[in-house]
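*Asks:* Can you keep this structure in mind? I'll have questions shortly.
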Amino acid sequence: MSKLIGIVDCNNFFASCERVFRPDLDNKPVMVLSANDGCIIARSNEVKELGIQMGSPLFKVLDIVEKHKINIFSTNFALYGSLSIKVMKILNEYTSNLEIYSIDEAFMDLSQVEGKNVEGYLSKIIKRVKKEVGIPISIGVSQTKTLAKIACKFAKKDITLNGVKYIPQNELDSYLRIFDIKDIWGIGRAYLKTLNNMGIKNAYDLKISDNILMRKKYGVSLQRTILELNGTSCIPITQFALNKKNILRSRSFGQKITNLDELESAISSFIRIGGNDLRRQHLFAWQVSVFIRTDIFNHSEDQYRNFVTISLSHATSDQISLNKAALQGLKRIFKHGYYYKKAGILLSGISPCSSSQLSIGEDPKISDKNKPLNIAIDRLNYKYGRPLLRLATEKQYPKWFSKSRLRSSNFLSSWDDLPVVNAI
């Protein structure tokens with residue numbers, strides 16, 4: 001049985017999520033803004049047709065927004081995450097191997113569908129996700145992940161395909177000849193200029209290139225892409241993400257901060273989120289880094305930025321230990337008299353809990369003494385909504401929190417935000 005790989009991509013995911021509980025927005029322009037309502041990070045097809053680019057600052061397109069009455073929302077990750085989980089649960093029923101690639105994408109092993117009505121099988125998935133979750137999806141299928149990505153591009157562009165595109169091996173070359181090199185998964189800017197100078201303009205040109213020579217000149221990553229274009233699967237579907245080398249959590253503030261107390265609140269919040277990521281993946285960190293900076297775009301204010309790394313006595317995922325180290329680092333680099341606009345933490349020296357070593361003479365019972373507390377906090381926050389429980393240094397209503405003035409309700413994670421139906 002040959003390998004058959006599919007990728008499911010939720011169409012304009014953030015914008016589609018906003019429409020789930022707002023059917024009045026169907027076929028109307030919708031866009032979603034970044035955490036501080038500064039830049040555009042998601043657009044419906046109607047907004048794309050108006051020429052508004054991803055990442056554009058909102059203030060630069062306000063005239064277009066007003067003219068076309070574009071519906072604007074602040075990011076609502078609680079809602080997006082809940083809907084993503086619902087989509088992934090449905091997809092998991094249709095494959096023996098599902099890899100959640102991002103919040104709105106997943107790879108599926110569809111080898112069991114080989115020789116059957118592939119389009120019909122995938123159409124059932126699309127209809128079910130739309131009916132039960134309300135999110136439109138597109139599915140591309142071929143022999144490798146890279147080819148599946150290409151198929152999905154065609155599925156999204158051609159509305160007559162109804163969200164499904166299967167490219168069998170015998171039809172592959174005709175599609176690769178019309179697929180631009182810049183749109184291939186894994187071809188970044190570093191490769192693009194070089195490949196264009198070599199006369200490689202489309203996916204077919206790259207497919208027939210010498211993969212051995214390409215590896216010698218540009219590395220194994222490009223060779224892997226070439227092999228995938230030829231139908232040789234080099235990037236397997238995996239149900240488990242590879243261990244991270246670092247965990248970064250940062251944010252620009254909703255308003256500028258001048259005092260240490262507010263910065264401590266922000267850093268503690270980032271540690272809570274980063275520490276939860278460690279514990280969820282059964283990882284430990286050896287180092288905690290902290291950085292702060294002023295508004296680099298405001299040249300009328302004095303500028304300051306700094307960064308410090310604290311090495312821990314032992315690798316840990318304990319929220320209390322990580323927070324203590326982070327706040328020590330913050331006090332080292334904090335200076336009065338500046339307007340701080342952004343801060344963040346970096347957890348590094350990450351390794352699996354099972355392979356972590358204790359320091360000489362260290363008692364394992366003492367080093368793990370807060371484990372029951374961390375488990376209890378994580379479970380309660382997961383069950384009732386984060387952050388129900390937090391350390392005292394993390395304020396409940398901090399000034400630094402993002403503006404998000406246009407955020408929709410958390411329909412799936414807050415009792416207070418449940419839609420109300422009035423009987424007539």
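Chains: A, B, ... in order of the structure tokens. Residues: from 1 per chain. Ligands: from 1, in order shown.
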Tell me which protein, DNA and RNA residues are within 9 Å of Leu98 of chain A, counting only C-alpha atoms, leaving out same-chain ones fewer than 6 positions away, and put them as a PyMOL selection string.

*Replies:* chain A and resi 88+91-92+106-109+237-239

*Asks:* The selected residues should be written to file as a PDB file, in the first residue's frame (atoms: C-alpha atoms).

*Replies:*
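result-v6.pdb was written with the following content:
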```pdb
ATOM      1  CA  MET A  88      -8.937  18.182  15.616  1.00  0.00           C
ATOM      2  CA  LEU A  91     -10.198  14.729  12.195  1.00  0.00           C
ATOM      3  CA  ASN A  92      -8.779  12.144  14.596  1.00  0.00           C
ATOM      4  CA  ALA A 106      -3.106  19.089  10.710  1.00  0.00           C
ATOM      5  CA  PHE A 107      -1.498  16.293   8.689  1.00  0.00           C
ATOM      6  CA  MET A 108      -3.397  13.014   8.288  1.00  0.00           C
ATOM      7  CA  ASP A 109      -2.227   9.565   7.238  1.00  0.00           C
ATOM      8  CA  ILE A 237       3.765  12.218  10.256  1.00  0.00           C
ATOM      9  CA  THR A 238       4.346  12.220  13.984  1.00  0.00           C
ATOM     10  CA  GLN A 239       1.771  12.385  16.761  1.00  0.00           C
TER      11      GLN A 239
END
```

*Asks:* Can you pull out every residue within 12 Å of segment 346-349 of chain A, counting only C-alpha atoms, but drop anything in the same chain fewer than 6 positions away, and send it as an MDAnalysis selection string?

*Replies:* chainID A and resid 243:250 267 270:278 283:292 307:312 314:317 319 322:323 325:326 329 356

*Asks:* For each of A:Ser269, A:Gly140, A:Lys335, A:Asp9, take the minimum atom-to-atom distance to Pro387 of chain A, counting only C-alpha atoms, then give the residue where this is smallest.

*Replies:*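 Among A:Ser269, A:Gly140, A:Lys335, A:Asp9, it is A:Ser269 that comes nearest to Pro387 of chain A.
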
*Asks:* Per DSSP on the backbone, filter segment 113-267 of chain A down to the residues in strand (DSSP E) and report them as a PyMOL selection string.

*Replies:* chain A and resi 137-142+164-166+247-257

*Asks:* Create the file for the chosen residues now, containing N, CA and C atoms and written as a compact mmCIF listing (two decimals), in the first residue's frame.

*Replies:*
```txt
# COMPACT_ATOMS: atom_id res chain seq x y z
N ILE A 137 -13.10 24.19 5.95
CA ILE A 137 -11.74 23.67 5.82
C ILE A 137 -11.45 23.27 4.37
N SER A 138 -10.17 23.20 4.05
CA SER A 138 -9.70 22.70 2.76
C SER A 138 -8.75 21.55 3.03
N ILE A 139 -8.74 20.55 2.13
CA ILE A 139 -7.89 19.38 2.31
C ILE A 139 -7.13 19.10 1.02
N GLY A 140 -5.81 18.99 1.12
CA GLY A 140 -4.98 18.60 -0.01
C GLY A 140 -4.36 17.24 0.26
N VAL A 141 -4.30 16.39 -0.75
CA VAL A 141 -3.81 15.02 -0.56
C VAL A 141 -2.86 14.65 -1.69
N SER A 142 -1.75 14.01 -1.32
CA SER A 142 -0.81 13.46 -2.30
C SER A 142 0.12 12.48 -1.57
N VAL A 164 -11.53 20.32 -1.76
CA VAL A 164 -10.78 19.06 -1.84
C VAL A 164 -9.93 19.01 -3.10
N LYS A 165 -8.66 18.65 -2.94
CA LYS A 165 -7.80 18.43 -4.10
C LYS A 165 -6.89 17.24 -3.83
N TYR A 166 -7.03 16.21 -4.67
CA TYR A 166 -6.18 15.02 -4.60
C TYR A 166 -5.33 14.99 -5.87
N ILE A 247 11.69 28.00 25.10
CA ILE A 247 10.31 28.45 25.17
C ILE A 247 10.33 29.95 25.44
N LEU A 248 9.78 30.72 24.51
CA LEU A 248 9.76 32.17 24.60
C LEU A 248 8.33 32.64 24.84
N ARG A 249 8.16 33.54 25.81
CA ARG A 249 6.87 34.17 26.05
C ARG A 249 7.10 35.65 26.26
N SER A 250 6.46 36.48 25.44
CA SER A 250 6.64 37.92 25.55
C SER A 250 5.39 38.62 25.05
N ARG A 251 5.33 39.93 25.32
CA ARG A 251 4.18 40.69 24.87
C ARG A 251 4.48 42.18 24.94
N SER A 252 3.93 42.92 23.96
CA SER A 252 3.94 44.37 24.04
C SER A 252 2.81 44.80 24.96
N PHE A 253 3.04 45.82 25.75
CA PHE A 253 2.06 46.23 26.76
C PHE A 253 0.96 47.10 26.16
N GLY A 254 -0.24 47.01 26.78
CA GLY A 254 -1.35 47.84 26.36
C GLY A 254 -1.10 49.31 26.64
N GLN A 255 -0.34 49.59 27.69
CA GLN A 255 0.11 50.96 27.98
C GLN A 255 1.50 50.89 28.57
N LYS A 256 2.24 51.95 28.45
CA LYS A 256 3.63 51.94 28.90
C LYS A 256 3.72 51.84 30.42
N ILE A 257 4.72 51.10 30.88
CA ILE A 257 4.91 50.81 32.29
C ILE A 257 6.17 51.51 32.79
```

*Asks:* Can you list every residue in segment 144-351 of chain A that DSSP puts in helix (DSSP H, G or I), as a PyMOL selection string?

*Replies:* chain A and resi 145-157+159-161+169-176+181-183+189-197+203-207+211-218+220-229+260-280+319-333

*Asks:* Nearest to Ala151 of chain A among A:Gly231, A:Gly51, A:Pro136, A:Pro168, with distances taken over only C-alpha atoms: which residue is it?

*Replies:*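 Checking each of A:Gly231, A:Gly51, A:Pro136, A:Pro168 against Ala151 of chain A, counting only C-alpha atoms, the winner is A:Pro168.
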
*Asks:* Kindly indicate which residue among A:Thr393, A:Thr194, A:Asn162, A:Thr225 lies nearest to Ser123 of chain A, using only C-alpha atoms for the distances.

*Replies:*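 Among the listed residues, the smallest separation from Ser123 of chain A belongs to A:Asn162.
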